[in-house]
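J.: Handing over structure.cif, mmCIF, C-alpha atoms, pLDDT in the B column; chains and numbers go by the auth columns.
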```
data_data
#
loop_
_atom_site.group_PDB
_atom_site.id
_atom_site.type_symbol
_atom_site.label_atom_id
_atom_site.label_comp_id
_atom_site.label_asym_id
_atom_site.label_seq_id
_atom_site.Cartn_x
_atom_site.Cartn_y
_atom_site.Cartn_z
_atom_site.B_iso_or_equiv
_atom_site.auth_seq_id
_atom_site.auth_asym_id
ATOM 1 C CA MET A 1 143.976 100.720 4.900 41.00 1 I
ATOM 2 C CA GLU A 2 142.214 97.937 3.121 43.00 2 I
ATOM 3 C CA GLY A 3 143.594 97.217 -0.310 41.00 3 I
ATOM 4 C CA THR A 4 147.207 97.073 -1.304 40.00 4 I
ATOM 5 C CA SER A 5 149.119 98.159 -4.340 39.00 5 I
ATOM 6 C CA SER A 6 147.720 95.056 -6.054 38.00 6 I
ATOM 7 C CA GLY A 7 144.285 96.452 -5.211 42.00 7 I
ATOM 8 C CA PHE A 8 144.841 99.487 -7.414 38.00 8 I
ATOM 9 C CA ARG A 9 143.582 99.843 -10.952 41.00 9 I
ATOM 10 C CA LYS A 10 146.457 99.685 -13.394 37.00 10 I
ATOM 11 C CA ASN A 11 147.307 102.325 -16.018 38.00 11 I
ATOM 12 C CA GLU A 12 144.932 104.910 -14.586 41.00 12 I
ATOM 13 C CA SER A 13 147.569 107.498 -13.567 41.00 13 I
ATOM 14 C CA LEU A 14 145.934 110.913 -13.247 44.00 14 I
ATOM 15 C CA ARG A 15 143.288 110.457 -15.928 45.00 15 I
ATOM 16 C CA GLY A 16 140.707 109.838 -13.234 47.00 16 I
ATOM 17 C CA LEU A 17 141.246 113.350 -11.898 47.00 17 I
ATOM 18 C CA GLN A 18 139.517 114.904 -14.885 48.00 18 I
ATOM 19 C CA HIS A 19 136.046 114.396 -13.463 50.00 19 I
ATOM 20 C CA LEU A 20 137.201 115.741 -10.086 52.00 20 I
ATOM 21 C CA GLY A 21 138.413 119.022 -11.526 52.00 21 I
ATOM 22 C CA GLY A 22 135.153 120.128 -13.066 53.00 22 I
ATOM 23 C CA ASP A 23 134.982 122.584 -15.929 54.00 23 I
ATOM 24 C CA GLU A 24 137.833 124.736 -17.154 55.00 24 I
ATOM 25 C CA GLY A 25 138.217 127.735 -14.890 58.00 25 I
ATOM 26 C CA SER A 26 136.270 126.138 -12.056 60.00 26 I
ATOM 27 C CA GLU A 27 137.302 126.183 -8.423 63.00 27 I
ATOM 28 C CA PRO A 28 140.651 124.420 -7.748 63.00 28 I
ATOM 29 C CA LEU A 29 140.572 120.969 -6.131 57.00 29 I
ATOM 30 C CA MET A 30 142.353 122.116 -2.971 58.00 30 I
ATOM 31 C CA SER A 31 139.687 124.709 -2.179 69.00 31 I
ATOM 32 C CA ARG A 32 136.830 122.219 -2.618 77.00 32 I
ATOM 33 C CA TRP A 33 138.010 119.582 -0.165 77.00 33 I
ATOM 34 C CA SER A 34 140.168 119.327 2.891 81.00 34 I
ATOM 35 C CA PRO A 35 143.546 117.648 2.300 80.00 35 I
ATOM 36 C CA GLN A 36 142.209 114.485 3.939 83.00 36 I
ATOM 37 C CA GLU A 37 139.139 114.419 1.661 86.00 37 I
ATOM 38 C CA LEU A 38 141.284 115.014 -1.424 87.00 38 I
ATOM 39 C CA VAL A 39 143.669 112.176 -0.511 90.00 39 I
ATOM 40 C CA SER A 40 140.686 109.890 0.069 90.00 40 I
ATOM 41 C CA LYS A 41 139.257 110.732 -3.352 89.00 41 I
ATOM 42 C CA LEU A 42 142.643 110.225 -5.027 88.00 42 I
ATOM 43 C CA LEU A 43 143.073 106.824 -3.380 91.00 43 I
ATOM 44 C CA HIS A 44 139.568 105.688 -4.254 91.00 44 I
ATOM 45 C CA LEU A 45 140.101 106.564 -7.912 91.00 45 I
ATOM 46 C CA HIS A 46 142.579 103.702 -8.112 88.00 46 I
ATOM 47 C CA PHE A 47 140.968 100.985 -6.008 91.00 47 I
ATOM 48 C CA LYS A 48 139.638 98.035 -7.993 91.00 48 I
ATOM 49 C CA ASP A 49 136.801 97.483 -5.529 91.00 49 I
ATOM 50 C CA ASP A 50 134.628 100.553 -4.938 86.00 50 I
ATOM 51 C CA LYS A 51 133.770 99.173 -1.490 91.00 51 I
ATOM 52 C CA THR A 52 137.394 99.433 -0.303 92.00 52 I
ATOM 53 C CA LYS A 53 137.624 101.615 2.779 91.00 53 I
ATOM 54 C CA VAL A 54 140.514 103.644 4.156 91.00 54 I
ATOM 55 C CA GLY A 55 140.732 104.194 7.917 92.00 55 I
ATOM 56 C CA GLY A 56 141.142 107.694 9.304 91.00 56 I
ATOM 57 C CA ASP A 57 144.640 107.054 10.674 93.00 57 I
ATOM 58 C CA ALA A 58 145.780 105.554 7.369 93.00 58 I
ATOM 59 C CA LEU A 59 144.345 108.526 5.518 92.00 59 I
ATOM 60 C CA LEU A 60 146.236 110.970 7.748 91.00 60 I
ATOM 61 C CA LEU A 61 149.432 108.981 7.231 93.00 61 I
ATOM 62 C CA VAL A 62 149.075 108.954 3.427 93.00 62 I
ATOM 63 C CA ALA A 63 148.266 112.685 3.424 90.00 63 I
ATOM 64 C CA GLU A 64 151.398 113.409 5.481 92.00 64 I
ATOM 65 C CA LEU A 65 153.554 111.205 3.230 93.00 65 I
ATOM 66 C CA LEU A 66 152.221 112.957 0.126 91.00 66 I
ATOM 67 C CA LYS A 67 152.956 116.339 1.686 91.00 67 I
ATOM 68 C CA ILE A 68 156.539 115.276 2.433 94.00 68 I
ATOM 69 C CA PHE A 69 156.950 113.824 -1.072 92.00 69 I
ATOM 70 C CA VAL A 70 155.711 117.018 -2.745 90.00 70 I
ATOM 71 C CA LEU A 71 157.876 119.271 -0.573 93.00 71 I
ATOM 72 C CA GLU A 72 160.947 117.134 -1.228 94.00 72 I
ATOM 73 C CA ALA A 73 160.239 117.171 -4.982 92.00 73 I
ATOM 74 C CA ALA A 74 159.918 120.963 -4.906 92.00 74 I
ATOM 75 C CA ILE A 75 163.194 121.373 -3.016 94.00 75 I
ATOM 76 C CA ARG A 76 165.024 119.013 -5.359 93.00 76 I
ATOM 77 C CA SER A 77 163.558 120.816 -8.388 93.00 77 I
ATOM 78 C CA VAL A 78 164.963 124.103 -7.089 93.00 78 I
ATOM 79 C CA ARG A 79 168.377 122.492 -6.635 93.00 79 I
ATOM 80 C CA GLN A 80 168.196 121.041 -10.157 92.00 80 I
ATOM 81 C CA ALA A 81 167.365 124.483 -11.586 93.00 81 I
ATOM 82 C CA GLN A 82 170.256 126.014 -9.636 94.00 82 I
ATOM 83 C CA ALA A 83 172.617 123.343 -10.998 93.00 83 I
ATOM 84 C CA GLU A 84 171.502 124.344 -14.499 93.00 84 I
ATOM 85 C CA ASP A 85 172.031 128.053 -13.691 95.00 85 I
ATOM 86 C CA LEU A 86 168.341 128.792 -14.169 93.00 86 I
ATOM 87 C CA ALA A 87 166.557 131.552 -12.295 92.00 87 I
ATOM 88 C CA ARG A 88 163.212 129.766 -12.437 93.00 88 I
ATOM 89 C CA VAL A 89 162.043 126.197 -11.816 92.00 89 I
ATOM 90 C CA ASP A 90 160.100 124.635 -14.653 90.00 90 I
ATOM 91 C CA VAL A 91 158.402 121.279 -15.049 90.00 91 I
ATOM 92 C CA GLU A 92 161.529 120.060 -16.870 90.00 92 I
ATOM 93 C CA GLN A 93 163.528 120.090 -13.643 89.00 93 I
ATOM 94 C CA LEU A 94 160.870 118.008 -11.903 87.00 94 I
ATOM 95 C CA GLU A 95 160.742 115.582 -14.825 89.00 95 I
ATOM 96 C CA LYS A 96 164.509 115.076 -14.613 88.00 96 I
ATOM 97 C CA LEU A 97 164.164 114.151 -10.958 85.00 97 I
ATOM 98 C CA LEU A 98 161.373 111.696 -11.597 84.00 98 I
ATOM 99 C CA ASP A 99 163.007 110.097 -14.674 77.00 99 I
ATOM 100 C CA PHE A 100 160.196 110.775 -17.128 57.00 100 I
#
```
Show me, as structure tokens, the structure contained in the file I just sent.
T.:
Amino acid sequence: MEGTSSGFRKNESLRGLQHLGGDEGSEPLMSRWSPQELVSKLLHLHFKDDKTKVGGDALLLVAELLKIFVLEAAIRSVRQAQAEDLARVDVEQLEKLLDF
């Protein structure tokens, strides 16, 4: 993958996703693109140089790492909710895990 963490735009977070999502009530992102296409678009939102390219193997690796990260966050959120004697996981449990 060309471009490193120093090649990312700073302070962009998820604001760049607004133009990817379309209008309110439109089709969800995951049904528009394959996971590999979505990861590519997410990465390119944060590259300083629009000409930066991501190889196919690197893209598959990042997609797999994101999948593992999200699954682990979900599992830990469930455990956090259980520790708080809650029957349902809310965004608050995820925020506690991520130190927001």
J.: So which residues get picked by the PyMOL selection byres ((chain I and resi 40) around 10) here, written as a PyMOL selection string?
T.: chain I and resi 34-39+41-45+53-56+58-60+62-63
J.: Just give me the gap between CA of Leu94 in chain I and CA of Gln80 in chain I in Å, one decimal is fine.
T.: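 Going from CA of Leu94 in chain I over to CA of Gln80 in chain I covers 8.1 Å.
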J.: Could you expand the PyMOL selection byres ((chain I and resi 73) around 12) into the explicit residues it covers here, written as a ChimeraX atom specification?
T.: /I:66-72,74-80,89,91,93-98
J.: Interatomic distance between CA of Asp99 in chain I and CA of Lys48 in chain I?
T.: 27.1 Å
J.: So how many Å separate CA of His46 in chain I and CA of Asp90 in chain I, to one decimal?
T.: 28.1 Å
J.: The centre and edge lengths of an axis-aligned box containing all atoms of range 60-65 of chain I present in the file, extended by 8 Å on each side, are to be given in Å to one decimal, as JSON.
T.:
```
{"center_x": 149.9, "center_y": 111.2, "center_z": 5.5, "size_x": 23.3, "size_y": 20.5, "size_z": 20.5}
```
